[in-house]
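Chemist: This structure is in structure tokens; I'll ask about it shortly.
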Amino acid sequence: MALTQISSNKCFGGLQKVFEHDSVELNCKMKFAIYLPPKAETEKCPALYWLSGLTCTEQNFISKSGYHQAASEHGLAVVAPDTSPRGCNIKGEDESWDFGTGAGFYVDTTEDPWKTNYRMYSYVMEELPQLINASFLVDPQRMSICGHSMGDHGVLICALKNPGNYKSVSAFAPICSPVLCPWGKRVFSGYLGTDQSKWKAYDATRLLKSYPGSQLDILIDQGKDDQFLLDGQLLPDNFIAACTEKKILIVFRLQEGYEHSCEFHE
């Protein structure tokens with residue numbers, strides 16, 4: 001699949017690049033960012049996939065997080081895709097910040113008019129890694145995944161639906177049980193229909209309860225003053241309880257004084 005380079009910038013000895021390509025899964029052009037450390041010039045590097053939250057593009061993490069020095073020092077390639085299809089001319093796709101454009105929620109939609117384009121789960125799990133592995137010196141056996149908010153909903157379901165796929169799983173202020181929170185109920189009803197049995201396939205807490213895979217270590221960082229936590233949008237306690245029941249190791253760090261933005265992990 002052909003890649004078109006949008007930008008390339010030298011950074012801590014490596015290269016921060018942005019590419020565009022025609023996505024088969026999403027039926028539109030998609031952009032992704034990739035940081036290639038100096039080591040990637042001569043040998044395969046482990047790859048960290050970052051999934052961003054609501055309203056974000058591939059630019060948010062690469063411009064705000066300051067990860068480049070650590071990635072360069074540790075020889076880590078970092079891949080950051082966009083959060084949804086764009087420019088699909090679907091009625092209503094740009095009317096709300098938490099549904100449609102910038103809010104793909106990392107699911108494969110089943111409902112019209114979204115199902116032709118909004119297949120972010122398959123894009124992140126299949127098409128994008130295949131493209132990265134074929135185009136750059138990265139090691140497909142050493143992939144990890146992390147993200148923020150809606151992106152962490154994607155992180156958790158990707159890890160739980162694909163046991164053994166990732167070496168590490170980290171989540172920052174994740175939406176842990178979308179079938180029970182206002183965000184999830186609205187988005188899932190629009191993307192997946194009113195049959196709530198379909199929703200469970202994309203709910204991290206429900207997936208964890210039936211997780212059949214090998215040992216999984218999970219880190220969750222959560223700001224204590226996060227208004228979305230206080231409003232019942234994130235529900236980490238449900239996920240922690242399921243981890244305890246399944247005897248899955250989880251490190252949960254409640255960060256005093258921080259809210260929903262990313263400062264505590266930057």
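Each chain in the structure tokens gets a letter, A, B, ..., in the order shown, and its residues are numbered from 1; ligands are numbered from 1 in order too.
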Mind checking which residues fall within 7 Å of segment 60-71 of chain A, counting only C-alpha atoms, ignoring those fewer than 2 positions away in the same chain, and posting them as a list of chain:residue names?
Modeler: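 So the residues in contact are A:Cys11, A:Phe12, A:Pro37, A:Cys56, A:Thr57, A:Glu58, A:Glu73, A:His74, A:Gly75, A:Leu76, A:Ala77, A:Glu266.
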Chemist: Tell me which protein, DNA and RNA residues are within 8 Å of Pro85 of chain A, counting only C-alpha atoms, leaving out same-chain ones fewer than 6 positions away, and put them as number ranges by chain.
Modeler: A: 26, 28-30, 101-102, 104, 117-118, 120
Chemist: Please, could you write that set of residues out with N, CA, C and O atoms as a PDB file, in the first residue's frame?
Modeler:
ATOM      1  N   LEU A  26     -11.392   1.773   6.202  1.00  0.00           N
ATOM      2  CA  LEU A  26     -12.167   2.976   6.484  1.00  0.00           C
ATOM      3  C   LEU A  26     -12.679   3.673   5.229  1.00  0.00           C
ATOM      4  O   LEU A  26     -13.453   4.625   5.324  1.00  0.00           O
ATOM      5  N   CYS A  28     -11.341   5.730   3.187  1.00  0.00           N
ATOM      6  CA  CYS A  28     -10.993   7.148   3.101  1.00  0.00           C
ATOM      7  C   CYS A  28      -9.489   7.277   3.287  1.00  0.00           C
ATOM      8  O   CYS A  28      -8.805   6.299   3.608  1.00  0.00           O
ATOM      9  N   LYS A  29      -8.968   8.471   3.089  1.00  0.00           N
ATOM     10  CA  LYS A  29      -7.560   8.719   3.377  1.00  0.00           C
ATOM     11  C   LYS A  29      -7.378   8.876   4.882  1.00  0.00           C
ATOM     12  O   LYS A  29      -8.190   9.511   5.548  1.00  0.00           O
ATOM     13  N   MET A  30      -6.318   8.271   5.407  1.00  0.00           N
ATOM     14  CA  MET A  30      -6.014   8.365   6.834  1.00  0.00           C
ATOM     15  C   MET A  30      -4.574   8.814   7.029  1.00  0.00           C
ATOM     16  O   MET A  30      -3.690   8.476   6.239  1.00  0.00           O
ATOM     17  N   THR A 101     -16.838  12.501  13.668  1.00  0.00           N
ATOM     18  CA  THR A 101     -15.453  12.895  13.436  1.00  0.00           C
ATOM     19  C   THR A 101     -14.717  13.110  14.751  1.00  0.00           C
ATOM     20  O   THR A 101     -15.189  13.824  15.632  1.00  0.00           O
ATOM     21  N   GLY A 102     -13.550  12.480  14.876  1.00  0.00           N
ATOM     22  CA  GLY A 102     -12.758  12.589  16.093  1.00  0.00           C
ATOM     23  C   GLY A 102     -13.262  11.717  17.225  1.00  0.00           C
ATOM     24  O   GLY A 102     -12.749  11.799  18.348  1.00  0.00           O
ATOM     25  N   GLY A 104     -14.182   8.005  16.861  1.00  0.00           N
ATOM     26  CA  GLY A 104     -14.413   6.686  16.278  1.00  0.00           C
ATOM     27  C   GLY A 104     -14.623   5.586  17.294  1.00  0.00           C
ATOM     28  O   GLY A 104     -15.157   4.522  16.975  1.00  0.00           O
ATOM     29  N   ASN A 117     -17.554   3.262   6.810  1.00  0.00           N
ATOM     30  CA  ASN A 117     -16.296   3.943   7.104  1.00  0.00           C
ATOM     31  C   ASN A 117     -15.776   3.736   8.528  1.00  0.00           C
ATOM     32  O   ASN A 117     -14.564   3.628   8.733  1.00  0.00           O
ATOM     33  N   TYR A 118     -16.658   3.701   9.475  1.00  0.00           N
ATOM     34  CA  TYR A 118     -16.223   3.719  10.880  1.00  0.00           C
ATOM     35  C   TYR A 118     -15.920   2.303  11.373  1.00  0.00           C
ATOM     36  O   TYR A 118     -16.712   1.652  12.044  1.00  0.00           O
ATOM     37  N   MET A 120     -12.789   1.470  13.098  1.00  0.00           N
ATOM     38  CA  MET A 120     -11.519   1.798  13.721  1.00  0.00           C
ATOM     39  C   MET A 120     -10.888   0.612  14.440  1.00  0.00           C
ATOM     40  O   MET A 120      -9.658   0.533  14.548  1.00  0.00           O
TER      41      MET A 120
END
Chemist: Restrict the calculation to only C-alpha atoms, then for each residue of segment 108-188 of chain A with any atom at most 6 Å from an atom of segment 193-211 of chain A give the closest atom pair and their distance in Å to one decimal, rows by chain and rising residue number, as a Markdown table.
Modeler:
| residue | atom | partner | partner_atom | distance |
| --- | --- | --- | --- | --- |
| A:Leu156 | CA | A:Ala204 | CA | 5.8 |
| A:Ile157 | CA | A:Ala204 | CA | 5.3 |
| A:Cys176 | CA | A:Ala204 | CA | 5.7 |
| A:Ser177 | CA | A:Asp203 | CA | 5.5 |
| A:Pro178 | CA | A:Asp203 | CA | 5.9 |
Chemist: How would the residues just chosen look if you wrote them out with N, CA and C atoms as a PDB file, in the first residue's frame?
Modeler:
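Dumped everything to part15.pdb:
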ATOM      1  N   LEU A 156      -7.680  -1.031  25.926  1.00  0.00           N
ATOM      2  CA  LEU A 156      -8.101  -2.164  26.749  1.00  0.00           C
ATOM      3  C   LEU A 156      -8.829  -3.227  25.926  1.00  0.00           C
ATOM      4  N   ILE A 157      -9.703  -2.807  25.017  1.00  0.00           N
ATOM      5  CA  ILE A 157     -10.425  -3.825  24.242  1.00  0.00           C
ATOM      6  C   ILE A 157      -9.490  -4.520  23.252  1.00  0.00           C
ATOM      7  N   CYS A 176     -13.662   2.723  31.102  1.00  0.00           N
ATOM      8  CA  CYS A 176     -13.518   1.302  31.425  1.00  0.00           C
ATOM      9  C   CYS A 176     -14.771   0.468  31.193  1.00  0.00           C
ATOM     10  N   SER A 177     -15.923   1.105  31.217  1.00  0.00           N
ATOM     11  CA  SER A 177     -17.161   0.343  31.056  1.00  0.00           C
ATOM     12  C   SER A 177     -18.175   1.159  30.264  1.00  0.00           C
ATOM     13  N   PRO A 178     -17.962   1.300  28.961  1.00  0.00           N
ATOM     14  CA  PRO A 178     -18.829   2.177  28.155  1.00  0.00           C
ATOM     15  C   PRO A 178     -20.293   1.751  28.121  1.00  0.00           C
TER      16      PRO A 178
END
Chemist: Residues near Ser168 of chain A, anyone? I mean within 12 Å using only C-alpha atoms, not counting same-chain ones fewer than 4 positions away, as an mmCIF file with N, CA and C atoms, in the first residue's frame.
Modeler:
data_model
loop_
_atom_site.group_PDB
_atom_site.id
_atom_site.type_symbol
_atom_site.label_atom_id
_atom_site.label_comp_id
_atom_site.auth_asym_id
_atom_site.auth_seq_id
_atom_site.Cartn_x
_atom_site.Cartn_y
_atom_site.Cartn_z
ATOM 1 N N PRO A 46 11.201 -2.287 18.771
ATOM 2 C CA PRO A 46 9.851 -2.489 19.314
ATOM 3 C C PRO A 46 8.972 -1.297 18.966
ATOM 4 N N ALA A 47 7.671 -1.539 18.872
ATOM 5 C CA ALA A 47 6.732 -0.481 18.483
ATOM 6 C C ALA A 47 5.698 -0.267 19.572
ATOM 7 N N LEU A 48 5.481 0.988 19.912
ATOM 8 C CA LEU A 48 4.442 1.387 20.853
ATOM 9 C C LEU A 48 3.342 2.098 20.082
ATOM 10 N N TYR A 49 2.125 1.586 20.183
ATOM 11 C CA TYR A 49 0.968 2.221 19.532
ATOM 12 C C TYR A 49 0.243 3.087 20.553
ATOM 13 N N TRP A 50 0.030 4.348 20.184
ATOM 14 C CA TRP A 50 -0.677 5.297 21.049
ATOM 15 C C TRP A 50 -2.035 5.612 20.433
ATOM 16 N N GLN A 141 6.821 -8.745 16.868
ATOM 17 C CA GLN A 141 6.728 -9.558 18.074
ATOM 18 C C GLN A 141 6.922 -8.735 19.342
ATOM 19 N N ARG A 142 7.228 -7.448 19.176
ATOM 20 C CA ARG A 142 7.435 -6.583 20.342
ATOM 21 C C ARG A 142 6.591 -5.319 20.200
ATOM 22 N N MET A 143 5.284 -5.507 20.290
ATOM 23 C CA MET A 143 4.349 -4.390 20.230
ATOM 24 C C MET A 143 3.776 -4.132 21.619
ATOM 25 N N SER A 144 3.600 -2.861 21.942
ATOM 26 C CA SER A 144 2.910 -2.449 23.153
ATOM 27 C C SER A 144 1.862 -1.415 22.780
ATOM 28 N N ILE A 145 0.963 -1.111 23.725
ATOM 29 C CA ILE A 145 -0.134 -0.197 23.407
ATOM 30 C C ILE A 145 -0.483 0.644 24.625
ATOM 31 N N CYS A 146 -0.779 1.908 24.384
ATOM 32 C CA CYS A 146 -1.227 2.803 25.450
ATOM 33 C C CYS A 146 -2.052 3.922 24.818
ATOM 34 N N GLY A 147 -2.641 4.763 25.644
ATOM 35 C CA GLY A 147 -3.471 5.833 25.107
ATOM 36 C C GLY A 147 -4.065 6.687 26.196
ATOM 37 N N VAL A 155 -7.441 0.847 23.792
ATOM 38 C CA VAL A 155 -6.289 0.084 24.290
ATOM 39 C C VAL A 155 -6.743 -1.183 25.006
ATOM 40 N N LEU A 156 -7.680 -1.031 25.926
ATOM 41 C CA LEU A 156 -8.101 -2.164 26.749
ATOM 42 C C LEU A 156 -8.829 -3.227 25.926
ATOM 43 N N CYS A 158 -8.532 -3.788 22.685
ATOM 44 C CA CYS A 158 -7.580 -4.435 21.774
ATOM 45 C C CYS A 158 -6.756 -5.481 22.512
ATOM 46 N N ALA A 159 -6.314 -5.166 23.710
ATOM 47 C CA ALA A 159 -5.509 -6.109 24.486
ATOM 48 C C ALA A 159 -6.329 -7.311 24.932
ATOM 49 N N LEU A 160 -7.551 -7.072 25.364
ATOM 50 C CA LEU A 160 -8.369 -8.154 25.912
ATOM 51 C C LEU A 160 -8.943 -9.060 24.821
ATOM 52 N N PRO A 163 -5.364 -11.785 23.173
ATOM 53 C CA PRO A 163 -4.393 -12.190 24.202
ATOM 54 C C PRO A 163 -3.012 -12.451 23.618
ATOM 55 N N GLY A 164 -1.997 -11.917 24.287
ATOM 56 C CA GLY A 164 -0.621 -12.137 23.872
ATOM 57 C C GLY A 164 -0.121 -11.226 22.783
ATOM 58 N N GLN A 215 -1.348 -14.502 31.262
ATOM 59 C CA GLN A 215 -1.208 -13.416 32.227
ATOM 60 C C GLN A 215 -1.080 -12.067 31.525
ATOM 61 N N LEU A 216 -1.759 -11.089 32.057
ATOM 62 C CA LEU A 216 -1.784 -9.757 31.469
ATOM 63 C C LEU A 216 -1.507 -8.741 32.571
ATOM 64 N N ASP A 217 -0.498 -7.915 32.370
ATOM 65 C CA ASP A 217 -0.173 -6.852 33.320
ATOM 66 C C ASP A 217 -0.683 -5.526 32.770
ATOM 67 N N ILE A 218 -1.447 -4.807 33.585
ATOM 68 C CA ILE A 218 -2.080 -3.568 33.135
ATOM 69 C C ILE A 218 -1.731 -2.440 34.102
ATOM 70 N N LEU A 219 -1.375 -1.293 33.554
ATOM 71 C CA LEU A 219 -1.173 -0.076 34.334
ATOM 72 C C LEU A 219 -2.271 0.920 33.990
ATOM 73 N N ILE A 220 -2.918 1.461 35.020
ATOM 74 C CA ILE A 220 -3.882 2.548 34.823
ATOM 75 C C ILE A 220 -3.442 3.732 35.678
ATOM 76 N N LEU A 249 -3.116 -9.057 37.206
ATOM 77 C CA LEU A 249 -2.339 -8.014 37.860
ATOM 78 C C LEU A 249 -2.668 -6.652 37.259
ATOM 79 N N ILE A 250 -3.042 -5.711 38.118
ATOM 80 C CA ILE A 250 -3.283 -4.342 37.682
ATOM 81 C C ILE A 250 -2.621 -3.391 38.661
#
Chemist: Pick from A:Pro182, A:Leu3, A:Asn27, A:Phe136: nearest to Gly232 of chain A, with only C-alpha atoms counted?
Modeler: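 Ranking A:Pro182, A:Leu3, A:Asn27, A:Phe136 by distance to Gly232 of chain A, first place goes to A:Pro182.
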Chemist: Ranking A:Leu51, A:Pro212, A:Leu180, A:Trp97 by minimum distance to Gly154 of chain A and counting only C-alpha atoms, which one comes first?
Modeler: A:Leu51
Chemist: Give me, as a PyMOL selection string, the residues of segment 61-253 of chain A that a backbone DSSP run labels strand (DSSP E).
Modeler: chain A and resi 77-81+138-148+169-172+218-223+250-253
Chemist: Go ahead and save the picked residues with N, CA, C and O atoms, as a CSV table (one decimal), in the first residue's frame.
Modeler:
chain,number,residue,atom,x,y,z
A,77,ALA,N,10.1,2.7,18.5
A,77,ALA,CA,9.2,3.4,17.5
A,77,ALA,C,7.8,3.6,18.1
A,77,ALA,O,7.3,2.8,18.8
A,78,VAL,N,7.3,4.8,17.8
A,78,VAL,CA,6.0,5.2,18.4
A,78,VAL,C,5.0,5.5,17.2
A,78,VAL,O,5.3,6.4,16.4
A,79,VAL,N,3.9,4.9,17.2
A,79,VAL,CA,2.9,5.0,16.1
A,79,VAL,C,1.6,5.7,16.7
A,79,VAL,O,1.1,5.2,17.7
A,80,ALA,N,1.2,6.8,16.1
A,80,ALA,CA,0.0,7.4,16.6
A,80,ALA,C,-1.0,7.7,15.5
A,80,ALA,O,-0.8,8.6,14.7
A,81,PRO,N,-2.1,6.9,15.4
A,81,PRO,CA,-3.0,7.1,14.3
A,81,PRO,C,-4.0,8.2,14.6
A,81,PRO,O,-4.1,8.7,15.8
A,138,VAL,N,10.4,-2.3,12.2
A,138,VAL,CA,9.8,-2.5,13.5
A,138,VAL,C,9.6,-4.0,13.7
A,138,VAL,O,9.4,-4.8,12.7
A,139,ASP,N,9.6,-4.5,15.0
A,139,ASP,CA,9.5,-5.9,15.3
A,139,ASP,C,8.1,-6.2,15.7
A,139,ASP,O,7.6,-5.8,16.7
A,140,PRO,N,7.3,-7.0,14.9
A,140,PRO,CA,5.9,-7.3,15.1
A,140,PRO,C,5.8,-8.1,16.4
A,140,PRO,O,4.6,-8.2,16.9
A,141,GLN,N,6.8,-8.7,16.9
A,141,GLN,CA,6.7,-9.6,18.1
A,141,GLN,C,6.9,-8.7,19.3
A,141,GLN,O,6.8,-9.3,20.4
A,142,ARG,N,7.2,-7.4,19.2
A,142,ARG,CA,7.4,-6.6,20.3
A,142,ARG,C,6.6,-5.3,20.2
A,142,ARG,O,7.1,-4.2,20.0
A,143,MET,N,5.3,-5.5,20.3
A,143,MET,CA,4.3,-4.4,20.2
A,143,MET,C,3.8,-4.1,21.6
A,143,MET,O,3.5,-5.1,22.4
A,144,SER,N,3.6,-2.9,21.9
A,144,SER,CA,2.9,-2.4,23.2
A,144,SER,C,1.9,-1.4,22.8
A,144,SER,O,1.9,-0.9,21.7
A,145,ILE,N,1.0,-1.1,23.7
A,145,ILE,CA,-0.1,-0.2,23.4
A,145,ILE,C,-0.5,0.6,24.6
A,145,ILE,O,-0.5,0.2,25.8
A,146,CYS,N,-0.8,1.9,24.4
A,146,CYS,CA,-1.2,2.8,25.4
A,146,CYS,C,-2.1,3.9,24.8
A,146,CYS,O,-2.2,4.0,23.6
A,147,GLY,N,-2.6,4.8,25.6
A,147,GLY,CA,-3.5,5.8,25.1
A,147,GLY,C,-4.1,6.7,26.2
A,147,GLY,O,-3.6,6.7,27.3
A,148,HIS,N,-5.1,7.4,25.9
A,148,HIS,CA,-5.8,8.3,26.8
A,148,HIS,C,-7.3,8.4,26.6
A,148,HIS,O,-7.7,8.5,25.4
A,169,VAL,N,0.6,-3.0,28.4
A,169,VAL,CA,-0.7,-2.3,28.3
A,169,VAL,C,-0.8,-1.2,29.3
A,169,VAL,O,-0.9,-1.5,30.5
A,170,SER,N,-0.9,0.0,28.9
A,170,SER,CA,-1.0,1.2,29.8
A,170,SER,C,-2.1,2.1,29.4
A,170,SER,O,-2.3,2.3,28.2
A,171,ALA,N,-2.9,2.5,30.4
A,171,ALA,CA,-4.1,3.3,30.1
A,171,ALA,C,-4.1,4.6,31.1
A,171,ALA,O,-3.8,4.4,32.3
A,172,PHE,N,-4.4,5.7,30.5
A,172,PHE,CA,-4.4,7.0,31.2
A,172,PHE,C,-5.8,7.5,31.2
A,172,PHE,O,-6.2,8.0,30.1
A,218,ILE,N,-1.4,-4.8,33.6
A,218,ILE,CA,-2.1,-3.6,33.1
A,218,ILE,C,-1.7,-2.4,34.1
A,218,ILE,O,-1.8,-2.6,35.3
A,219,LEU,N,-1.4,-1.3,33.6
A,219,LEU,CA,-1.2,-0.1,34.3
A,219,LEU,C,-2.3,0.9,34.0
A,219,LEU,O,-2.5,1.2,32.8
A,220,ILE,N,-2.9,1.5,35.0
A,220,ILE,CA,-3.9,2.5,34.8
A,220,ILE,C,-3.4,3.7,35.7
A,220,ILE,O,-3.3,3.6,36.9
A,221,ASP,N,-3.3,4.9,35.1
A,221,ASP,CA,-3.0,6.2,35.7
A,221,ASP,C,-4.3,7.0,35.6
A,221,ASP,O,-4.9,7.1,34.5
A,222,GLN,N,-4.7,7.5,36.8
A,222,GLN,CA,-6.0,8.3,36.8
A,222,GLN,C,-5.9,9.5,37.6
A,222,GLN,O,-5.4,9.4,38.8
A,223,GLY,N,-6.2,10.7,37.1
A,223,GLY,CA,-6.2,11.9,37.9
A,223,GLY,C,-7.4,11.9,38.9
A,223,GLY,O,-8.5,11.6,38.5
A,250,ILE,N,-3.0,-5.7,38.1
A,250,ILE,CA,-3.3,-4.3,37.7
A,250,ILE,C,-2.6,-3.4,38.7
A,250,ILE,O,-2.7,-3.6,39.9
A,251,VAL,N,-1.9,-2.4,38.1
A,251,VAL,CA,-1.4,-1.3,38.9
A,251,VAL,C,-2.3,-0.1,38.7
A,251,VAL,O,-2.3,0.4,37.5
A,252,PHE,N,-2.9,0.4,39.7
A,252,PHE,CA,-3.8,1.5,39.6
A,252,PHE,C,-3.2,2.7,40.4
A,252,PHE,O,-3.1,2.6,41.6
A,253,ARG,N,-2.9,3.8,39.7
A,253,ARG,CA,-2.3,4.9,40.4
A,253,ARG,C,-3.2,6.1,40.3
A,253,ARG,O,-3.5,6.6,39.2
Chemist: Record the distance separating atom CA of Trp114 of chain A and atom CA of His21 of chain A, expressed in Å with one decimal.
Modeler: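 Atom CA of His21 of chain A lies at a distance of 20.2 Å from atom CA of Trp114 of chain A.
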Chemist: In Å, how far is it from atom CA of Asp94 of chain A to atom CA of Asp82 of chain A?
Modeler: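 The value is 15.4 Å.
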Chemist: Could you check which of A:Ala173, A:Ala2, A:Cys45, A:Val187 is closest to Ser135 of chain A, using only C-alpha atoms?
Modeler: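 Once distances to Ser135 of chain A are computed over only C-alpha atoms, the minimum belongs to A:Ala2.
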